[in-house]
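Please read the structure below before turning to the comments.
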There are 2 protein chains.
Amino acid sequence: MERLNIDKVAKLAHVSRSVVSRVINNHPNVSEEARQRVLEIVEKYNYRPNSVARSLATRSTYQIGVLTSRIGEESLGNGYWSLLYLGIFEECIRRGYYVHFSFYSTSMADELHQYLLNEHHLDGIICLNEEVTDFTVNKLAEKQIPIVLVGHNPNYPNICSVDVNNYDGAYQAAKHLINLGHKKIGGIFGDQNVQETEHRMKGFTDALLEAGLTVDENHKAVGGYTQRDGYRTINRWLKKQPEITAVFCASDTIAMGVLLGLYENNISVPDQFSVVGFDGLPISRYLIPPLTTILQPTYGKGEKAAQLLIDSINHREKEAVHIDLEPQLLIRKSTAPPRAS
Amino acid sequence: MERLNIDKVAKLAHVSRSVVSRVINNHPNVSEEARQRVLEIVEKYNYRPNSVARSLATRSTYQIGVLTSRIGEESLGNGYWSLLYLGIFEECIRRGYYVHFSFYSTSMADELHQYLLNEHHLDGIICLNEEVTDFTVNKLAEKQIPIVLVGHNPNYPNICSVDVNNYDGAYQAAKHLINLGHKKIGGIFGDQNVQETEHRMKGFTDALLEAGLTVDENHKAVGGYTQRDGYRTINRWLKKQPEITAVFCASDTIAMGVLLGLYENNISVPDQFSVVGFDGLPISRYLIPPLTTILQPTYGKGEKAAQLLIDSINHREKEAVHIDLEPQLLIRKSTAPPRAS
DNA sequence: TTGTAAGCGTTATCAC
DNA sequence: GTGATAACGCTTACAA
């Protein structure tokens with residue numbers, strides 16, 4: 001049985017192609033009688049309109065793109081992206097949109113670049129991080145395609161963005177450690193020059209300050225979000241800053257590295273050392289010991305980003321909004337009062 | 001500056017629209033002179049052909065879809081999917097294809113279903129697992145759209161598939177434990193009724209048999225691939241099968257659960273108990289202790305699947321092939337000889 | 001309410 | 001080598 005198109009359906013239903021189109025798109029002005037005839041044929045022959053042709057005619061594809069950079073494999077596989085993407089995906093499907101997901105890695109910047117510039121297949125784009133934001137915004141500036149950022153970026157005040165309240169998250173984490181009685185608390189942060197890091201550092205610092213604790217610059221490290229970053233920092237600190245009894249890590253993956261470093265140095269967590277993470281990844285409850293962490297609504301971030309994007313595709317949003325979602329402290333087994341020294 | 005199309009370019013270059021088309025598509029039969037004029041205009045006005053219109057005319061979109069089911073969040077975020085997807089994505093981009101990635105969850109089966117059936121936007125589909133294979137193959141059977149499976153499935157001998165050599169992987173893992181001197185070895189396997197599981201069980205069993213060891217049915221568990229599955233099984237075994245001194249886990253995530261169970265029971269790894277995983281996820285080297293595991297070429301699986309799919313889209317493949325990639329034992333810190341009892 | 005006809009932006013066929 | 005012209009399959013004025 002060969003593929004049928006709108007004309008064949010029209011013929012079979014004894015109506016014109018426009019009537020078929022109206023029925024399919026639930027447009028008014030079609031007699032009940034005609035509608036039934038069309039529906040019957042559609043059903044019988046299982047007709048589906050060709051979405052490419054439809055896109056050409058309407059200039060919209062109901063497809064959106066999600067871009068993230070290909071950072072180290074470690075962070076790629078940490079569960080954060082998957083959860084975020086799931087939020088985006090499900091919201092899109094609910095609203096009738098379909099999603100492309102692309103890792104942008106410098107080695108293939110050109111191809112992707114090329115693709116995105118040519119793009120007529122995408123109604124909108126979600127950028128999952130900094131590198132990608134700069135890349136995309138700069139290249140797509142001239143096009144009218146809507147963009148939403150996951151993670152606020154002060155450089156693009158006119159583009160919608162969604163983020164977790166980074167200040168609060170870090171503040172809560174530090175507060176938890178302080179309440180437990182820790183005095184010398186380290187903080188290991190992620191990418192430099194990102195607002196996220198700045199806010200987390202401020203939240204962390206403010207909590208210490210409020211508690212009357214001094215903040216030692218040697219107790220702060222800024223690097224990346226991978227396990228390796230945590231691993232290296234803790235090893236350095238164990239040698240040079242032995243006074244530290246607890247650390248706040250700006251990601252659960254950093255915390256994994258810290259936990260491993262501690263383990264290798266025979267330092268027991270939480271008896272001798274406390275660690276709190278950030279993200280609340282699904283795997284964090286299976287770390288050894290199960291990680292106390294700041295749960296951020298990762299799925300929700302994705303969901304919200306998709307909402308904003310689709311709204312702006314449909315011109316429901318008049319101006320750019322920047323949404324903050326609230327994080328939440330999740331106490332597990334990696335934190336305890338410091339050992340009486 | 002308004003969007004230009006092929007006709008405007010043709011006018012500007014003083015040629016017909018067909019010449020422009022030929023130049024763009026590198027077709028022969030166009031004079032050098034004309035080609036230059038066209039190229040110049042294309043360059044000057046930064047013209048890009050509209051890919052939707054092109055798709056309509058050529059009946060191919062250069063887009064492929066990747067489908068996986070939304071299994072528990074835990075496994076979702078374990079890094080395996082990300083790596084696999086990365087392999088697919090990069091190979092596709094290299095060959096000029098673009099990728100859709102969909103989590104298929106039962107709650108949205110209908111929408112997705114609907115989408116896929118309508119699909120004219122997809123030149124081919126890669127199915128990442130069992131549930132999705134059945135879903136897709138059954139619904140898409142009548143359509144001529146090429147499909148490739150990640151993971152062999154004996155029910156679909158006529159569809160190309162890529163897999164790791166599961167037998168070998170499990171065999172190597174068991175062999176490693178045996179060589180270390182273990183006699184009572186447990187095996188925790190994933191989804192029942194999947195060929196993968198069958199093969200891994202066989203590889204595992206054969207290794208024991210060859211070594212003259214008895215295989216106790218109580219030393220085998222079949223459930224799922226999540227941390228929880230490993231966690232539950234080890235807790236049960238610790239009570240009921242205390243003779244076991246080592247386990248082979250059919251995934252690194254299962255191993256994570258096992259590690260946690262052992263930790264909570266104050267059993268030291270690898271001194272008192274050995275565990276080996278399967279997958280070689282990036283995070284496995286950051287577990288406590290770093291996990292001995294079977295490294296499978298996850299990225300390579302994705303890459304190969306994309307190759308097969310694109311080849312079959314282009315009719316380069318005459319008949320279905322089933323490719324096995326080789327796994328490799330990766331010895332880290334979670335295995336050691338059994339403690340002299 | 002229905003049908004006709006003009007797009008949408010390409011590619012492909014076929015005279016010239 | 002080049003250029004009309006007809007697809008591709010749909011939406012959408014506009015006219016009837």
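Please note that chains go A, B, ... in the order of the structure tokens, that every chain numbers its residues from 1, and that ligands are numbered from 1 in the order shown.
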(request) Tell me the residues of chain D close to chain A, meaning within 8 Å using only C-alpha atoms (C1' of nucleotides), as an MDAnalysis selection string. (result) chainID D and resid 8:11
List as a PDB file with C-alpha atoms, in the first residue's frame the protein and nucleic acid residues near Asn218 in chain B, meaning an atom at most 12 Å away when only C-alpha atoms (C1' of nucleotides) are counted, but skip any in the same chain fewer than 4 places from it.
ATOM      1  CA  LYS B 184      32.770 -19.311  46.085  1.00  0.00           C
ATOM      2  CA  ILE B 185      31.860 -16.648  43.603  1.00  0.00           C
ATOM      3  CA  GLY B 186      28.518 -14.952  43.268  1.00  0.00           C
ATOM      4  CA  GLY B 187      27.084 -13.478  40.086  1.00  0.00           C
ATOM      5  CA  ILE B 188      24.550 -10.659  40.026  1.00  0.00           C
ATOM      6  CA  THR B 214      30.736 -25.984  41.299  1.00  0.00           C
ATOM      7  CA  VAL B 222      18.968 -11.955  38.287  1.00  0.00           C
ATOM      8  CA  THR B 233      21.291  -8.938  46.710  1.00  0.00           C
ATOM      9  CA  ARG B 236      20.623 -11.100  51.300  1.00  0.00           C
ATOM     10  CA  TRP B 237      23.725 -13.068  50.526  1.00  0.00           C
ATOM     11  CA  LYS B 240      22.268 -16.517  53.710  1.00  0.00           C
ATOM     12  CA  GLN B 241      25.385 -17.309  51.728  1.00  0.00           C
ATOM     13  CA  PRO B 242      28.270 -16.236  53.944  1.00  0.00           C
ATOM     14  CA  GLU B 243      30.613 -18.577  52.110  1.00  0.00           C
ATOM     15  CA  ILE B 244      30.788 -16.228  49.120  1.00  0.00           C
TER      16      ILE B 244
END
(request) Excluding Ile93 in chain B and any residue of its chain fewer than 2 positions from it, enumerate the residues within 12 Å of it, using only C-alpha atoms (C1' of nucleotides), and give them as a ChimeraX atom specification. (result) /A:102-105,107-116 /B:62-64,86-91,95-100,303,306-307,310
Export of prior selection with N, CA and C atoms as a CSV table (one decimal), in the first residue's frame:
chain,number,residue,atom,x,y,z
A,102,SER,N,22.5,17.9,21.5
A,102,SER,CA,23.8,17.9,20.9
A,102,SER,C,24.9,18.2,21.9
A,103,PHE,N,25.9,17.4,21.8
A,103,PHE,CA,27.1,17.7,22.6
A,103,PHE,C,27.9,18.5,21.7
A,104,TYR,N,28.3,19.7,22.1
A,104,TYR,CA,29.1,20.5,21.3
A,104,TYR,C,30.5,20.3,21.8
A,105,SER,N,31.4,19.8,20.9
A,105,SER,CA,32.8,19.7,21.3
A,105,SER,C,33.6,20.5,20.3
A,107,SER,N,36.1,20.0,18.7
A,107,SER,CA,36.5,19.3,17.5
A,107,SER,C,35.5,19.3,16.4
A,108,MET,N,34.2,19.5,16.8
A,108,MET,CA,33.2,19.5,15.7
A,108,MET,C,32.4,20.8,15.7
A,109,ALA,N,33.0,21.8,16.3
A,109,ALA,CA,32.3,23.0,16.3
A,109,ALA,C,31.9,23.4,14.9
A,110,ASP,N,32.7,23.3,14.0
A,110,ASP,CA,32.4,23.7,12.6
A,110,ASP,C,31.2,23.1,12.0
A,111,GLU,N,31.1,21.8,12.1
A,111,GLU,CA,30.0,21.0,11.6
A,111,GLU,C,28.7,21.5,12.3
A,112,LEU,N,28.7,21.5,13.6
A,112,LEU,CA,27.6,21.9,14.3
A,112,LEU,C,27.1,23.3,14.0
A,113,HIS,N,28.0,24.1,14.1
A,113,HIS,CA,28.0,25.5,13.8
A,113,HIS,C,27.2,25.7,12.4
A,114,GLN,N,27.8,25.0,11.5
A,114,GLN,CA,27.2,25.0,10.1
A,114,GLN,C,25.7,24.6,10.2
A,115,TYR,N,25.5,23.5,10.9
A,115,TYR,CA,24.2,23.0,11.0
A,115,TYR,C,23.2,24.0,11.6
A,116,LEU,N,23.7,24.5,12.7
A,116,LEU,CA,22.8,25.5,13.4
A,116,LEU,C,22.5,26.7,12.6
B,62,TYR,N,18.3,13.8,6.7
B,62,TYR,CA,19.6,13.7,7.4
B,62,TYR,C,19.4,13.9,8.9
B,63,GLN,N,18.4,13.3,9.4
B,63,GLN,CA,18.2,13.3,10.8
B,63,GLN,C,17.9,11.9,11.3
B,64,ILE,N,18.5,11.5,12.4
B,64,ILE,CA,18.1,10.2,12.9
B,64,ILE,C,17.7,10.3,14.3
B,86,LEU,N,27.1,9.8,23.0
B,86,LEU,CA,28.2,10.6,22.5
B,86,LEU,C,28.8,9.9,21.2
B,87,GLY,N,28.9,8.6,21.3
B,87,GLY,CA,29.5,7.9,20.2
B,87,GLY,C,28.6,8.0,19.0
B,88,ILE,N,27.3,7.9,19.2
B,88,ILE,CA,26.3,8.0,18.1
B,88,ILE,C,26.4,9.4,17.5
B,89,PHE,N,26.3,10.4,18.4
B,89,PHE,CA,26.2,11.7,18.0
B,89,PHE,C,27.4,12.2,17.1
B,90,GLU,N,28.6,11.8,17.6
B,90,GLU,CA,29.8,12.3,16.9
B,90,GLU,C,29.9,11.7,15.6
B,91,GLU,N,29.6,10.4,15.5
B,91,GLU,CA,29.7,9.7,14.2
B,91,GLU,C,28.7,10.3,13.2
B,95,ARG,N,29.2,12.4,9.6
B,95,ARG,CA,28.7,12.0,8.3
B,95,ARG,C,27.5,12.8,7.9
B,96,GLY,N,27.4,14.0,8.5
B,96,GLY,CA,26.4,14.9,8.0
B,96,GLY,C,25.0,14.7,8.5
B,97,TYR,N,24.8,13.8,9.5
B,97,TYR,CA,23.5,13.6,10.0
B,97,TYR,C,23.4,14.2,11.4
B,98,TYR,N,22.1,14.5,11.7
B,98,TYR,CA,21.8,15.1,13.0
B,98,TYR,C,20.9,14.2,13.8
B,99,VAL,N,21.0,14.3,15.1
B,99,VAL,CA,20.4,13.3,16.0
B,99,VAL,C,19.3,13.9,16.9
B,100,HIS,N,18.3,13.1,17.1
B,100,HIS,CA,17.3,13.3,18.1
B,100,HIS,C,17.5,12.3,19.2
B,303,GLU,N,29.1,4.6,18.2
B,303,GLU,CA,29.7,4.9,16.9
B,303,GLU,C,29.4,3.9,15.8
B,306,ALA,N,25.7,3.9,14.7
B,306,ALA,CA,25.5,5.1,13.8
B,306,ALA,C,26.0,4.7,12.4
B,307,GLN,N,27.1,4.1,12.3
B,307,GLN,CA,27.7,3.7,11.0
B,307,GLN,C,26.7,2.8,10.3
B,310,ILE,N,23.5,4.6,9.1
B,310,ILE,CA,23.7,5.5,8.0
B,310,ILE,C,24.0,4.7,6.7
DSSP strand (DSSP E or B) selection over range 21-140 of chain A, as a short mmCIF file (atom, residue, chain, number, x, y, z; two decimals) with N, CA and C atoms, in the first residue's frame:
data_model
loop_
_atom_site.label_atom_id
_atom_site.label_comp_id
_atom_site.auth_asym_id
_atom_site.auth_seq_id
_atom_site.Cartn_x
_atom_site.Cartn_y
_atom_site.Cartn_z
N GLN A 63 10.31 21.55 16.60
CA GLN A 63 11.48 20.85 17.09
C GLN A 63 12.37 21.88 17.77
N ILE A 64 12.95 21.48 18.88
CA ILE A 64 13.89 22.40 19.51
C ILE A 64 15.21 21.69 19.73
N GLY A 65 16.26 22.46 19.89
CA GLY A 65 17.59 21.89 20.05
C GLY A 65 18.12 22.16 21.44
N VAL A 66 18.85 21.21 21.97
CA VAL A 66 19.49 21.40 23.27
C VAL A 66 20.99 21.26 23.05
N LEU A 67 21.72 22.23 23.52
CA LEU A 67 23.16 22.23 23.28
C LEU A 67 23.93 22.19 24.57
N THR A 68 24.90 21.30 24.63
CA THR A 68 25.81 21.34 25.77
C THR A 68 27.19 21.03 25.26
N SER A 69 28.18 21.51 25.97
CA SER A 69 29.52 21.25 25.48
C SER A 69 29.97 19.89 25.97
N TYR A 98 9.44 18.38 19.80
CA TYR A 98 10.39 17.29 19.80
C TYR A 98 11.79 17.86 19.95
N VAL A 99 12.69 17.04 20.47
CA VAL A 99 13.96 17.58 20.91
C VAL A 99 15.20 16.96 20.25
N HIS A 100 16.12 17.82 19.93
CA HIS A 100 17.46 17.41 19.49
C HIS A 100 18.39 17.64 20.64
N PHE A 101 19.32 16.76 20.83
CA PHE A 101 20.27 16.97 21.90
C PHE A 101 21.67 16.89 21.30
N SER A 102 22.47 17.89 21.50
CA SER A 102 23.79 17.90 20.89
C SER A 102 24.87 18.18 21.90
N PHE A 103 25.89 17.38 21.85
CA PHE A 103 27.08 17.71 22.59
C PHE A 103 27.91 18.55 21.65
N TYR A 104 28.29 19.65 22.13
CA TYR A 104 29.11 20.50 21.30
C TYR A 104 30.54 20.31 21.75
N GLY A 124 13.64 26.59 18.31
CA GLY A 124 14.24 27.26 19.45
C GLY A 124 15.42 26.45 19.98
N ILE A 125 16.20 27.06 20.85
CA ILE A 125 17.40 26.40 21.36
C ILE A 125 17.54 26.62 22.86
N ILE A 126 17.92 25.55 23.55
CA ILE A 126 18.24 25.66 24.97
C ILE A 126 19.73 25.44 25.12
N CYS A 127 20.39 26.35 25.80
CA CYS A 127 21.83 26.20 26.00
C CYS A 127 22.09 25.77 27.43
#
(request) Using only C-alpha atoms (C1' of nucleotides), find the residues of chain C whose closest atom to chain A is at most 8 Å away, then write them as a list in words. (result)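 Only these qualify: DT1, DT2, DG3, DC8 and DG9 of chain C.
Among the candidate residues B:Ala320, B:Leu325, B:Leu295, B:Ile288, the one lying nearest to chain A is B:Ile288, with distances computed using only C-alpha atoms.
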(message) With only C-alpha atoms (C1' of nucleotides) as the counted atoms, please give the residues lying no more than 10 Å from Tyr225 in chain B, apart from itself and same-chain residues fewer than 2 positions off, as an NGL selection string.
(response) :B and (71-72 or 74-75 or 188-191 or 222-223 or 227-230 or 249-255 or 257)
(message) Please extract the residues of range 45-129 of chain B with a backbone DSSP assignment of alpha helix (DSSP H) and present them as a PyMOL selection string.
(response) chain B and resi 45+51-58+73-76+80-94+109-118
(request) For CA of Thr293 in chain A and CA of Ala170 in chain A, quote the distance in Å rounded to one decimal. (result)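 Atom-to-atom, CA of Thr293 in chain A and CA of Ala170 in chain A are spaced 10.0 Å apart.
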